[in-house]
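Reproduced below: model11.cif, with mmCIF, C-alpha atoms.
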```cif
data_coords
loop_
_atom_site.label_atom_id
_atom_site.label_comp_id
_atom_site.auth_asym_id
_atom_site.auth_seq_id
_atom_site.Cartn_x
_atom_site.Cartn_y
_atom_site.Cartn_z
CA MET J 1 174.94 13.07 -71.39
CA PRO J 2 171.51 14.22 -70.09
CA SER J 3 171.89 11.87 -67.12
CA ASP J 4 175.26 13.48 -66.32
CA ALA J 5 173.67 16.93 -66.43
CA ALA J 6 170.85 15.79 -64.14
CA SER J 7 173.27 14.28 -61.65
CA ALA J 8 175.36 17.44 -61.73
CA ALA J 9 172.30 19.53 -61.03
CA ARG J 10 171.46 17.33 -58.08
CA ASP J 11 174.86 18.01 -56.56
CA GLY J 12 173.38 21.34 -55.45
CA LEU J 13 170.93 22.05 -52.64
CA SER J 14 167.45 20.60 -52.48
CA ILE J 15 164.59 22.91 -51.51
CA ALA J 16 164.39 21.23 -48.09
CA GLN J 17 168.12 21.78 -47.47
CA LEU J 18 167.82 25.38 -48.64
CA ARG J 19 164.94 26.02 -46.26
CA THR J 20 166.95 24.54 -43.41
CA LEU J 21 169.86 26.89 -44.13
CA ARG J 22 167.47 29.82 -44.45
CA LEU J 23 165.79 28.96 -41.15
CA ALA J 24 169.13 28.82 -39.32
CA LEU J 25 170.57 31.92 -40.99
CA GLY J 26 167.51 34.16 -40.71
CA THR J 27 166.78 33.25 -37.08
CA ALA J 28 170.42 33.70 -36.03
CA LEU J 29 170.71 37.09 -37.76
CA SER J 30 167.42 38.26 -36.26
CA LEU J 31 168.54 37.21 -32.79
CA TRP J 32 171.93 38.90 -33.24
CA PHE J 33 170.26 42.18 -34.20
CA SER J 34 167.75 41.97 -31.33
CA GLN J 35 170.59 41.46 -28.85
CA VAL J 36 172.66 44.31 -30.26
CA VAL J 37 169.78 46.81 -30.16
CA GLY J 38 168.24 45.33 -27.01
CA TRP J 39 164.86 47.07 -26.84
CA GLN J 40 162.15 45.77 -24.53
CA MET J 41 160.68 42.46 -25.79
CA SER J 42 163.38 42.26 -28.47
CA PHE J 43 163.53 38.47 -28.06
CA VAL J 44 160.19 38.30 -29.90
CA ALA J 45 161.88 39.31 -33.18
CA PRO J 46 163.77 35.99 -33.70
CA VAL J 47 160.62 34.12 -32.65
CA ILE J 48 158.67 35.84 -35.45
CA THR J 49 161.49 35.22 -37.95
CA MET J 50 161.74 31.56 -36.98
CA PHE J 51 157.96 31.09 -37.03
CA LEU J 52 157.68 32.35 -40.63
CA LEU J 53 160.81 30.63 -41.96
CA ALA J 54 159.66 27.29 -40.51
CA LEU J 55 156.76 27.26 -42.98
CA PRO J 56 157.32 25.88 -46.52
CA LEU J 57 156.01 29.03 -48.15
CA PRO J 58 157.43 31.64 -50.52
CA ALA J 59 158.70 34.92 -49.13
CA PRO J 60 155.84 37.02 -47.74
CA LYS J 61 155.00 40.04 -49.85
CA PHE J 62 155.21 43.54 -48.45
CA ARG J 63 151.45 43.69 -48.05
CA SER J 64 151.44 40.44 -46.05
CA GLY J 65 154.27 41.64 -43.82
CA LEU J 66 152.45 44.88 -43.14
CA LEU J 67 149.29 42.92 -42.34
CA PHE J 68 151.15 40.80 -39.78
CA VAL J 69 152.42 43.91 -37.99
CA LEU J 70 148.97 45.52 -38.05
CA VAL J 71 147.29 42.39 -36.66
CA MET J 72 149.76 42.13 -33.78
CA THR J 73 149.59 45.80 -32.79
CA GLY J 74 145.90 46.09 -33.66
CA CYS J 75 144.96 43.23 -31.34
CA MET J 76 147.13 44.74 -28.61
CA TYR J 77 145.47 48.14 -28.86
CA GLY J 78 142.05 46.61 -29.53
CA GLY J 79 142.44 44.47 -26.44
CA THR J 80 142.54 47.61 -24.33
CA LEU J 81 138.79 47.89 -24.95
CA LEU J 82 138.40 44.88 -22.64
CA LEU J 83 140.28 46.51 -19.76
CA PRO J 84 137.52 48.79 -18.40
CA THR J 85 135.14 45.86 -18.06
CA LEU J 86 137.86 43.58 -16.67
CA VAL J 87 138.57 46.14 -13.94
CA ASN J 88 135.05 47.45 -13.21
CA GLN J 89 132.87 44.49 -14.25
CA PRO J 90 135.12 41.41 -14.01
CA ALA J 91 132.41 38.90 -14.94
CA VAL J 92 131.54 40.73 -18.15
CA GLY J 93 135.21 41.38 -18.94
CA VAL J 94 136.16 37.73 -18.54
CA LEU J 95 133.27 36.67 -20.78
CA LEU J 96 134.41 39.11 -23.48
CA LEU J 97 137.99 37.83 -23.14
CA VAL J 98 136.76 34.24 -23.57
CA LEU J 99 134.84 35.20 -26.71
CA ALA J 100 137.84 37.06 -28.17
CA LEU J 101 140.21 34.14 -27.57
CA PHE J 102 137.65 31.66 -28.91
CA TRP J 103 137.36 33.71 -32.10
CA SER J 104 141.16 33.70 -32.60
CA PHE J 105 141.23 29.90 -32.35
CA TYR J 106 138.10 29.41 -34.44
CA TYR J 107 139.58 31.57 -37.19
CA THR J 108 142.52 29.17 -37.52
CA ALA J 109 140.47 26.00 -37.03
CA SER J 110 138.04 27.03 -39.78
CA GLY J 111 140.85 27.37 -42.33
CA GLY J 112 142.23 30.84 -41.62
CA SER J 113 145.92 31.74 -41.54
CA ALA J 114 147.70 30.13 -38.60
CA ILE J 115 150.10 33.09 -38.53
CA LEU J 116 147.35 35.68 -38.19
CA GLY J 117 145.50 33.51 -35.68
CA THR J 118 148.61 33.17 -33.53
CA PHE J 119 149.31 36.90 -33.64
CA ALA J 120 145.70 37.64 -32.67
CA THR J 121 145.85 35.21 -29.74
CA LEU J 122 149.10 36.74 -28.51
CA GLY J 123 147.82 40.30 -28.76
CA ILE J 124 144.55 39.59 -26.92
CA ALA J 125 146.09 37.43 -24.17
CA LEU J 126 149.05 39.72 -23.48
CA THR J 127 146.90 42.86 -23.36
CA ALA J 128 144.50 41.33 -20.84
CA ALA J 129 147.32 39.94 -18.68
CA ILE J 130 149.41 43.12 -18.59
CA GLY J 131 146.64 45.73 -18.73
CA SER J 132 144.92 44.36 -15.66
CA VAL J 133 148.10 45.21 -13.71
CA ASN J 134 149.38 48.35 -15.45
CA ILE J 135 147.54 50.09 -18.28
CA ASP J 136 150.57 52.19 -19.20
CA ALA J 137 152.65 49.04 -19.68
CA VAL J 138 150.21 47.87 -22.37
CA PHE J 139 151.05 50.74 -24.71
CA ILE J 140 154.78 50.32 -24.10
CA LEU J 141 154.41 46.60 -24.77
CA ALA J 142 152.31 47.16 -27.91
CA ASN J 143 154.95 49.44 -29.42
CA ALA J 144 157.75 47.03 -28.48
CA LEU J 145 155.92 44.02 -29.95
CA GLY J 146 155.01 45.93 -33.10
CA PHE J 147 158.65 46.86 -33.62
CA ALA J 148 159.76 43.29 -32.85
CA THR J 149 157.28 41.92 -35.40
CA ALA J 150 158.50 44.36 -38.05
CA VAL J 151 162.14 43.44 -37.36
CA GLY J 152 161.32 39.74 -37.44
CA ILE J 153 159.64 40.04 -40.84
CA LEU J 154 162.52 42.18 -42.13
CA PHE J 155 164.97 39.37 -41.41
CA VAL J 156 162.64 36.91 -43.13
CA TRP J 157 163.02 39.00 -46.28
CA ILE J 158 166.79 39.22 -45.74
CA ALA J 159 167.03 35.45 -45.43
CA TYR J 160 165.03 34.97 -48.65
CA ALA J 161 167.21 37.54 -50.43
CA ILE J 162 170.40 35.71 -49.42
CA LEU J 163 168.99 32.22 -50.09
CA PRO J 164 166.17 32.46 -52.67
CA ASP J 165 164.19 29.37 -53.66
CA SER J 166 165.65 29.56 -57.16
CA VAL J 167 168.98 28.30 -55.80
CA ALA J 168 167.51 24.84 -55.14
CA TYR J 169 167.60 22.33 -57.99
CA ASP J 170 164.09 21.00 -57.22
CA ALA J 171 162.41 24.37 -56.64
CA LEU J 172 159.25 25.03 -58.58
CA PRO J 173 159.30 27.88 -61.13
CA SER J 174 158.22 31.24 -59.81
CA GLY J 175 154.46 31.54 -59.59
CA VAL J 176 153.88 27.78 -59.90
CA GLY J 177 152.33 25.99 -56.94
CA PRO J 178 152.98 22.40 -55.88
CA GLY J 179 149.87 21.23 -57.70
CA LYS J 180 147.86 20.15 -54.67
CA LYS J 181 144.11 19.98 -54.80
CA ALA J 182 142.30 22.78 -53.07
CA ALA J 183 141.69 21.77 -49.47
CA GLU J 184 138.07 21.48 -48.43
CA PRO J 185 137.01 23.89 -45.69
CA PRO J 186 136.93 22.20 -42.26
CA ASP J 187 133.59 21.15 -40.85
CA ALA J 188 132.09 24.01 -38.81
CA GLY J 189 131.25 21.73 -35.89
CA GLU J 190 134.77 20.30 -35.76
CA ALA J 191 136.24 23.80 -36.03
CA ARG J 192 134.16 24.99 -33.07
CA TRP J 193 135.20 21.99 -30.99
CA SER J 194 138.86 22.46 -31.87
CA ALA J 195 138.62 26.15 -30.92
CA PHE J 196 136.94 25.21 -27.63
CA ARG J 197 139.74 22.77 -26.82
CA SER J 198 142.41 25.38 -27.55
CA LEU J 199 140.49 27.86 -25.41
CA LEU J 200 140.57 25.49 -22.44
CA ILE J 201 144.33 25.21 -22.83
CA VAL J 202 145.01 28.94 -22.93
CA PHE J 203 142.30 30.60 -20.85
CA PRO J 204 143.08 29.14 -17.39
CA VAL J 205 146.69 30.28 -17.71
CA ALA J 206 145.55 33.69 -18.98
CA ALA J 207 143.16 33.91 -16.00
CA TRP J 208 146.05 33.17 -13.65
CA PHE J 209 147.97 36.02 -15.21
CA LEU J 210 144.96 38.30 -14.68
CA LEU J 211 145.08 37.55 -10.97
CA SER J 212 148.86 37.76 -10.65
CA ALA J 213 150.62 41.03 -9.88
CA ALA J 214 153.82 39.65 -11.45
CA SER J 215 152.37 38.90 -14.88
CA THR J 216 154.87 41.16 -16.63
CA ALA J 217 157.73 39.00 -15.36
CA TYR J 218 156.39 35.90 -17.13
CA LEU J 219 155.50 37.18 -20.58
CA PRO J 220 157.60 34.43 -22.25
CA VAL J 221 155.39 31.84 -20.55
CA MET J 222 152.26 33.53 -21.92
CA LEU J 223 153.91 33.56 -25.34
CA LYS J 224 154.45 29.80 -25.14
CA VAL J 225 150.94 29.10 -23.85
CA ALA J 226 149.34 31.12 -26.64
CA SER J 227 151.38 29.20 -29.21
CA MET J 228 150.30 25.89 -27.59
CA GLY J 229 146.66 26.77 -28.20
CA GLN J 230 147.34 27.27 -31.90
CA GLN J 231 149.63 24.22 -31.96
CA THR J 232 146.78 21.84 -31.05
CA THR J 233 144.30 23.30 -33.53
CA ASN J 234 142.94 20.67 -35.95
CA GLU J 235 145.06 17.87 -34.41
CA GLY J 236 143.77 14.57 -33.08
CA THR J 237 144.06 13.73 -29.38
CA ARG J 238 147.12 11.52 -29.57
CA GLN J 239 148.88 13.75 -32.11
CA ALA J 240 148.20 16.91 -30.07
CA ALA J 241 149.38 15.30 -26.84
CA HIS J 242 152.58 14.01 -28.45
CA SER J 243 153.26 17.37 -30.08
CA LEU J 244 152.78 19.37 -26.87
CA ILE J 245 154.99 17.18 -24.70
CA ALA J 246 157.69 16.45 -27.27
CA SER J 247 158.07 20.08 -28.39
CA THR J 248 158.37 21.24 -24.77
CA LEU J 249 160.87 18.53 -23.80
CA ILE J 250 163.04 19.00 -26.89
CA GLY J 251 162.91 22.78 -26.69
CA GLY J 252 163.71 22.69 -22.98
CA ALA J 253 166.64 20.33 -23.52
CA LEU J 254 168.07 22.56 -26.27
CA ALA J 255 167.63 25.61 -24.02
CA ILE J 256 169.52 23.88 -21.18
CA ILE J 257 172.36 23.00 -23.55
CA GLY J 258 172.48 26.58 -24.81
CA TRP J 259 172.40 28.00 -21.28
CA ASN J 260 175.35 25.85 -20.23
CA VAL J 261 177.29 26.77 -23.37
CA LEU J 262 176.73 30.45 -22.65
CA THR J 263 177.77 29.94 -19.04
CA ILE J 264 181.16 28.79 -20.34
CA ALA J 265 181.46 31.38 -23.14
CA PRO J 266 179.01 34.27 -22.57
CA THR J 267 179.57 36.12 -25.83
CA LEU J 268 177.19 37.24 -28.56
CA PRO J 269 179.03 35.37 -31.38
CA VAL J 270 178.74 32.09 -29.43
CA TYR J 271 175.07 32.79 -28.71
CA THR J 272 174.34 33.54 -32.37
CA LEU J 273 176.28 30.47 -33.51
CA PHE J 274 174.35 28.23 -31.11
CA ILE J 275 171.00 29.51 -32.44
CA ALA J 276 172.20 28.83 -36.00
CA LEU J 277 173.39 25.31 -35.10
CA ALA J 278 170.07 24.58 -33.40
CA GLY J 279 168.33 25.69 -36.60
CA LEU J 280 170.52 23.34 -38.64
CA PHE J 281 169.63 20.53 -36.23
CA VAL J 282 165.88 21.21 -36.31
CA GLY J 283 165.56 22.11 -40.00
CA PRO J 284 165.93 18.59 -41.51
CA ARG J 285 163.25 17.41 -39.07
CA VAL J 286 160.89 20.18 -40.21
CA PHE J 287 161.23 20.14 -44.00
CA LYS J 288 160.87 17.29 -46.47
CA GLY J 289 160.69 17.70 -50.24
CA LEU J 290 158.42 20.60 -51.13
CA GLY J 291 156.57 20.40 -47.82
CA MET J 292 157.11 19.35 -44.23
CA GLN J 293 157.95 16.19 -42.33
CA PRO J 294 154.99 14.44 -40.64
CA ASN J 295 156.20 15.82 -37.28
CA GLY J 296 157.59 19.02 -38.76
CA ALA J 297 155.25 21.32 -36.82
CA MET J 298 156.27 19.68 -33.54
CA TRP J 299 159.96 20.31 -34.25
CA SER J 300 159.32 23.92 -35.27
CA TYR J 301 157.48 24.51 -31.98
CA ALA J 302 160.41 22.90 -30.17
CA TYR J 303 162.73 25.46 -31.77
CA LEU J 304 160.29 28.22 -30.76
CA THR J 305 160.24 26.88 -27.18
CA MET J 306 164.04 26.92 -27.00
CA ILE J 307 164.22 30.57 -28.10
CA VAL J 308 161.41 31.68 -25.79
CA ILE J 309 163.15 30.07 -22.80
CA LEU J 310 166.72 31.04 -23.62
CA ALA J 311 166.46 34.56 -25.08
CA PRO J 312 164.72 36.28 -22.12
CA ALA J 313 167.19 34.64 -19.70
CA VAL J 314 170.12 36.01 -21.68
CA MET J 315 168.55 39.48 -21.61
CA ASP J 316 168.05 39.17 -17.83
CA SER J 317 171.72 38.28 -17.50
CA ALA J 318 172.77 41.30 -19.56
CA SER J 319 170.72 43.61 -17.34
CA GLY J 320 172.22 42.21 -14.13
CA ALA J 321 169.04 40.38 -13.02
CA PRO J 322 169.25 36.92 -11.39
CA ALA J 323 169.01 35.21 -14.77
CA GLY J 324 169.82 31.68 -13.58
CA ALA J 325 166.90 31.49 -11.17
CA LYS J 326 164.48 32.97 -13.73
CA PHE J 327 165.71 30.55 -16.39
CA TRP J 328 164.86 27.51 -14.27
CA ASP J 329 161.59 29.08 -13.09
CA ARG J 330 160.46 29.59 -16.69
CA LEU J 331 161.56 26.08 -17.60
CA LEU J 332 159.48 24.59 -14.78
CA MET J 333 156.49 26.73 -15.72
CA PHE J 334 156.77 25.62 -19.34
CA GLY J 335 156.79 22.00 -18.22
CA GLY J 336 153.79 22.57 -15.94
CA THR J 337 151.74 24.31 -18.62
CA ALA J 338 152.55 21.53 -21.12
CA LEU J 339 151.35 18.88 -18.64
CA TYR J 340 148.19 20.86 -17.99
CA ALA J 341 147.57 21.20 -21.73
CA LEU J 342 148.07 17.45 -22.14
CA VAL J 343 145.47 16.67 -19.48
CA ALA J 344 143.06 19.26 -20.91
CA VAL J 345 143.29 17.77 -24.41
CA TYR J 346 142.50 14.25 -23.19
CA ILE J 347 139.64 15.34 -20.93
CA VAL J 348 137.98 17.54 -23.53
CA ASP J 349 138.28 14.92 -26.28
CA ALA J 350 136.95 12.22 -23.93
CA PHE J 351 133.74 14.23 -23.53
CA ARG J 352 133.69 14.81 -27.30
CA ARG J 353 133.69 11.07 -27.99
CA LYS J 354 130.77 10.58 -25.61
#
```
I'd like the structure from this file rewritten - as structure tokens, please.
Amino acid sequence: MPSDAASAARDGLSIAQLRTLRLALGTALSLWFSQVVGWQMSFVAPVITMFLLALPLPAPKFRSGLLFVLVMTGCMYGGTLLLPTLVNQPAVGVLLLVLALFWSFYYTASGGSAILGTFATLGIALTAAIGSVNIDAVFILANALGFATAVGILFVWIAYAILPDSVAYDALPSGVGPGKKAAEPPDAGEARWSAFRSLLIVFPVAAWFLLSAASTAYLPVMLKVASMGQQTTNEGTRQAAHSLIASTLIGGALAIIGWNVLTIAPTLPVYTLFIALAGLFVGPRVFKGLGMQPNGAMWSYAYLTMIVILAPAVMDSASGAPAGAKFWDRLLMFGGTALYALVAVYIVDAFRRK
């Protein structure tokens, strides 16, 4: 009789399956809302939702959600302090930008929250890239990103409310952790080297944006590059190289499939359904048991890449812009930045071994 009860219980959802459904549902709903409202940079909202739901963590508390929004907007507004020196004293401004980006990577590499580190990197890099061209655009962008972050977190809470962990048969009781030993803090020297490697991935692209008058047109590329810097933190050479290339190729392939589907049926329900199906495809490759698959982070970044490529192109199409050309331009730039990051990782780590 007890065995029958146990087998009956296991006919339900496992925690990994539940997280997959939650990832697909929350990201799709967030994208649907962002498309309906359609404010500037609204495509960032499903990226934030997906980024948080792709982690095997409990629902963020209100205080944590508020902290995420404050870090994103705070780094955007704080980054404006770099603009006077970037414009009037470029050498000093670039040095300060390097130090700020290095700190954001070192924070994550030394054991800090990857979410906060990523938000800090995005805020600093985007402010420098946009503010060097148009200072007024920085404040517009900061408000838009702050709102997108708040919306993204809101749909994380909605997804957890619809599909709470308690639904899964193998979920741990509320307030009980998985019983892992406390992780030792990373070695300070290794953390500095990891941060330096991530800096070499992100800074050259950020410097190109500083010199480009069209930096505002390629914000999705900067979003991807900033995430690549955090993606390689605390990873070995071979693992980082595989993760960078595979996530870009898989995400690009999914974006191409989605773009062709939307070319045939350009409707919001089809778009939302495709995002949900992509989440259902990626989810089992991200989650396993109470944690993640060995390559789970790579698959989550592939999902992020797909959204960052596809969502801005759909918004361009809705506004009457030449979306097809921009879609392929972004795709090529994503591939180029991934190849550059791959070469940078190998070169930097080769010097490290010596």
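If all atoms listed in the file are the atoms counted, then among J:Ala142, J:Leu223, J:Val261, J:Leu21 the closest residue to J:Thr121 is J:Leu223.
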### Message
as a count of residues only, please: the residues near stretch 286-289 of chain J (cut-off 9 Å, only C-alpha atoms, same-chain neighbours under 6 positions excluded).
### Response
16
### Task
Can you turn the PyMOL selection byres ((chain J and resi 155) around 12) into a concrete residue list for this file, as a PyMOL selection string?
chain J and resi 22-34+45-53+59-60+65+148-154+156-163
### Task
May I ask which of the residues J:Met292, J:Ala191, J:Leu18, J:Val98 is the closest one to J:Gly111, counting all atoms listed in the file?
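Answer, going by the shortest atom-to-atom distance: J:Ala191.
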Could you tell me which residues the PyMOL selection byres ((chain J and resi 335) around 12) returns for this structure, as a short mmCIF file (atom, residue, chain, number, x, y, z; two decimals) with C-alpha atoms, in the frame of the given file?
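Okay, part-v1.cif is ready:
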```
data_model
loop_
_atom_site.label_atom_id
_atom_site.label_comp_id
_atom_site.auth_asym_id
_atom_site.auth_seq_id
_atom_site.Cartn_x
_atom_site.Cartn_y
_atom_site.Cartn_z
CA VAL J 221 155.39 31.84 -20.55
CA LYS J 224 154.45 29.80 -25.14
CA VAL J 225 150.94 29.10 -23.85
CA LEU J 244 152.78 19.37 -26.87
CA ILE J 245 154.99 17.18 -24.70
CA ALA J 246 157.69 16.45 -27.27
CA SER J 247 158.07 20.08 -28.39
CA THR J 248 158.37 21.24 -24.77
CA LEU J 249 160.87 18.53 -23.80
CA ILE J 250 163.04 19.00 -26.89
CA GLY J 251 162.91 22.78 -26.69
CA GLY J 252 163.71 22.69 -22.98
CA ALA J 253 166.64 20.33 -23.52
CA THR J 305 160.24 26.88 -27.18
CA ILE J 309 163.15 30.07 -22.80
CA TRP J 328 164.86 27.51 -14.27
CA ASP J 329 161.59 29.08 -13.09
CA ARG J 330 160.46 29.59 -16.69
CA LEU J 331 161.56 26.08 -17.60
CA LEU J 332 159.48 24.59 -14.78
CA MET J 333 156.49 26.73 -15.72
CA PHE J 334 156.77 25.62 -19.34
CA GLY J 336 153.79 22.57 -15.94
CA THR J 337 151.74 24.31 -18.62
CA ALA J 338 152.55 21.53 -21.12
CA LEU J 339 151.35 18.88 -18.64
CA TYR J 340 148.19 20.86 -17.99
CA ALA J 341 147.57 21.20 -21.73
CA LEU J 342 148.07 17.45 -22.14
#
```
### Message
Let me make sure I understand: among J:Leu95, J:Tyr106, J:Leu83, J:Val44, which one has the smallest atom-to-atom distance to J:Ala188 if we use all atoms listed in the file?
### Response
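Among the listed residues, J:Tyr106 lies closest to J:Ala188.
The smallest atom-to-atom distance between J:Ala311 and any of J:Ile256, J:Ile264, J:Leu277, J:Arg63, using all atoms listed in the file, is found for J:Ile256.
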### Query
Within 12 Å of (145.3, 47.1, -19.9), only C-alpha atoms: residues as an MDAnalysis selection string?
chainID J and resid 76:87 93 123:142 210 215:216
### Query
What is the distance, in Å and to one decimal place, between atom CA of J:Asp349 and atom CA of J:Trp208?
23.5 Å
### Query
Of the candidates J:Leu290, J:Phe105, J:Ser166, J:Ala226, which one gets nearest to J:Phe196 if we count all atoms listed in the file?
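Using all atoms listed in the file, the shortest distance to J:Phe196 belongs to J:Phe105.
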What are the centre and the three edge lengths of an axis-aligned box that wraps all atoms of stretch 75-93 of chain J in the file, given that 8 Å is added to every side, written as lines of an AutoDock Vina configuration file and rounded to one decimal in Å?
```
center_x = 139.3
center_y = 43.8
center_z = -22.3
size_x = 31.6
size_y = 25.9
size_z = 34.1
```
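For J:Phe68, the set of protein, DNA and RNA residues having any atom at most 7 Å away, when counting all atoms listed in the file and skipping those fewer than 4 positions along the same chain, is Ser64, Met72 and Leu116 of chain J.
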### Distance of atom CA of J:Leu99 from atom CA of J:Ser243, expressed in Å to one decimal place
25.9 Å
### Message
With all atoms listed in the file as the counted atoms, please give the residues lying no more than 12 Å from J:Thr267, apart from itself and same-chain residues fewer than 6 positions off, as JSON, numbers by chain.
### Response
{"J": [32, 35, 36, 258, 259, 261, 273, 274, 314, 317, 318]}
#### Entry: d(atom CA of J:Leu254, atom CA of J:Asp165) in Å
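Here the two named atoms are 28.5 Å from each other.
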### Query
Which one of J:Ile307, J:Ile257, J:Ala207, J:Val71 sits closest to J:Gly279 if you count only C-alpha atoms?
J:Ile307
Final N, CA and C atoms of stretch 126-143 of chain J as a PDB file, keeping the file's coordinate frame:
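Result file follows (out-v8.pdb):
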```
ATOM      1  N   LEU J 126     148.058  38.882 -24.141  1.00  0.00           N
ATOM      2  CA  LEU J 126     149.050  39.720 -23.480  1.00  0.00           C
ATOM      3  C   LEU J 126     148.442  41.031 -22.999  1.00  0.00           C
ATOM      4  N   THR J 127     147.539  41.616 -23.781  1.00  0.00           N
ATOM      5  CA  THR J 127     146.900  42.860 -23.360  1.00  0.00           C
ATOM      6  C   THR J 127     146.096  42.660 -22.086  1.00  0.00           C
ATOM      7  N   ALA J 128     145.312  41.584 -22.035  1.00  0.00           N
ATOM      8  CA  ALA J 128     144.500  41.330 -20.840  1.00  0.00           C
ATOM      9  C   ALA J 128     145.380  41.070 -19.622  1.00  0.00           C
ATOM     10  N   ALA J 129     146.460  40.299 -19.809  1.00  0.00           N
ATOM     11  CA  ALA J 129     147.320  39.940 -18.680  1.00  0.00           C
ATOM     12  C   ALA J 129     148.065  41.153 -18.132  1.00  0.00           C
ATOM     13  N   ILE J 130     148.610  41.981 -19.021  1.00  0.00           N
ATOM     14  CA  ILE J 130     149.410  43.120 -18.590  1.00  0.00           C
ATOM     15  C   ILE J 130     148.532  44.302 -18.205  1.00  0.00           C
ATOM     16  N   GLY J 131     147.480  44.564 -18.980  1.00  0.00           N
ATOM     17  CA  GLY J 131     146.640  45.730 -18.730  1.00  0.00           C
ATOM     18  C   GLY J 131     145.906  45.676 -17.421  1.00  0.00           C
ATOM     19  N   SER J 132     145.598  44.464 -16.945  1.00  0.00           N
ATOM     20  CA  SER J 132     144.920  44.360 -15.660  1.00  0.00           C
ATOM     21  C   SER J 132     145.823  44.764 -14.504  1.00  0.00           C
ATOM     22  N   VAL J 133     147.131  44.808 -14.740  1.00  0.00           N
ATOM     23  CA  VAL J 133     148.100  45.210 -13.710  1.00  0.00           C
ATOM     24  C   VAL J 133     148.534  46.649 -13.900  1.00  0.00           C
ATOM     25  N   ASN J 134     148.859  47.009 -15.169  1.00  0.00           N
ATOM     26  CA  ASN J 134     149.380  48.350 -15.450  1.00  0.00           C
ATOM     27  C   ASN J 134     148.972  48.738 -16.860  1.00  0.00           C
ATOM     28  N   ILE J 135     148.043  49.689 -16.967  1.00  0.00           N
ATOM     29  CA  ILE J 135     147.540  50.090 -18.280  1.00  0.00           C
ATOM     30  C   ILE J 135     148.624  50.764 -19.111  1.00  0.00           C
ATOM     31  N   ASP J 136     149.511  51.521 -18.458  1.00  0.00           N
ATOM     32  CA  ASP J 136     150.570  52.190 -19.200  1.00  0.00           C
ATOM     33  C   ASP J 136     151.528  51.193 -19.845  1.00  0.00           C
ATOM     34  N   ALA J 137     151.734  50.051 -19.157  1.00  0.00           N
ATOM     35  CA  ALA J 137     152.650  49.040 -19.680  1.00  0.00           C
ATOM     36  C   ALA J 137     152.117  48.428 -20.977  1.00  0.00           C
ATOM     37  N   VAL J 138     150.789  48.446 -21.162  1.00  0.00           N
ATOM     38  CA  VAL J 138     150.210  47.870 -22.370  1.00  0.00           C
ATOM     39  C   VAL J 138     150.679  48.624 -23.606  1.00  0.00           C
ATOM     40  N   PHE J 139     150.664  49.941 -23.549  1.00  0.00           N
ATOM     41  CA  PHE J 139     151.050  50.740 -24.710  1.00  0.00           C
ATOM     42  C   PHE J 139     152.548  50.620 -24.985  1.00  0.00           C
ATOM     43  N   ILE J 140     153.337  50.551 -23.924  1.00  0.00           N
ATOM     44  CA  ILE J 140     154.780  50.320 -24.100  1.00  0.00           C
ATOM     45  C   ILE J 140     155.006  48.957 -24.748  1.00  0.00           C
ATOM     46  N   LEU J 141     154.277  47.959 -24.248  1.00  0.00           N
ATOM     47  CA  LEU J 141     154.410  46.600 -24.770  1.00  0.00           C
ATOM     48  C   LEU J 141     153.939  46.511 -26.218  1.00  0.00           C
ATOM     49  N   ALA J 142     152.848  47.197 -26.546  1.00  0.00           N
ATOM     50  CA  ALA J 142     152.310  47.160 -27.910  1.00  0.00           C
ATOM     51  C   ALA J 142     153.331  47.738 -28.893  1.00  0.00           C
ATOM     52  N   ASN J 143     153.939  48.846 -28.537  1.00  0.00           N
ATOM     53  CA  ASN J 143     154.950  49.440 -29.420  1.00  0.00           C
ATOM     54  C   ASN J 143     156.158  48.527 -29.568  1.00  0.00           C
TER      55      ASN J 143
END
```
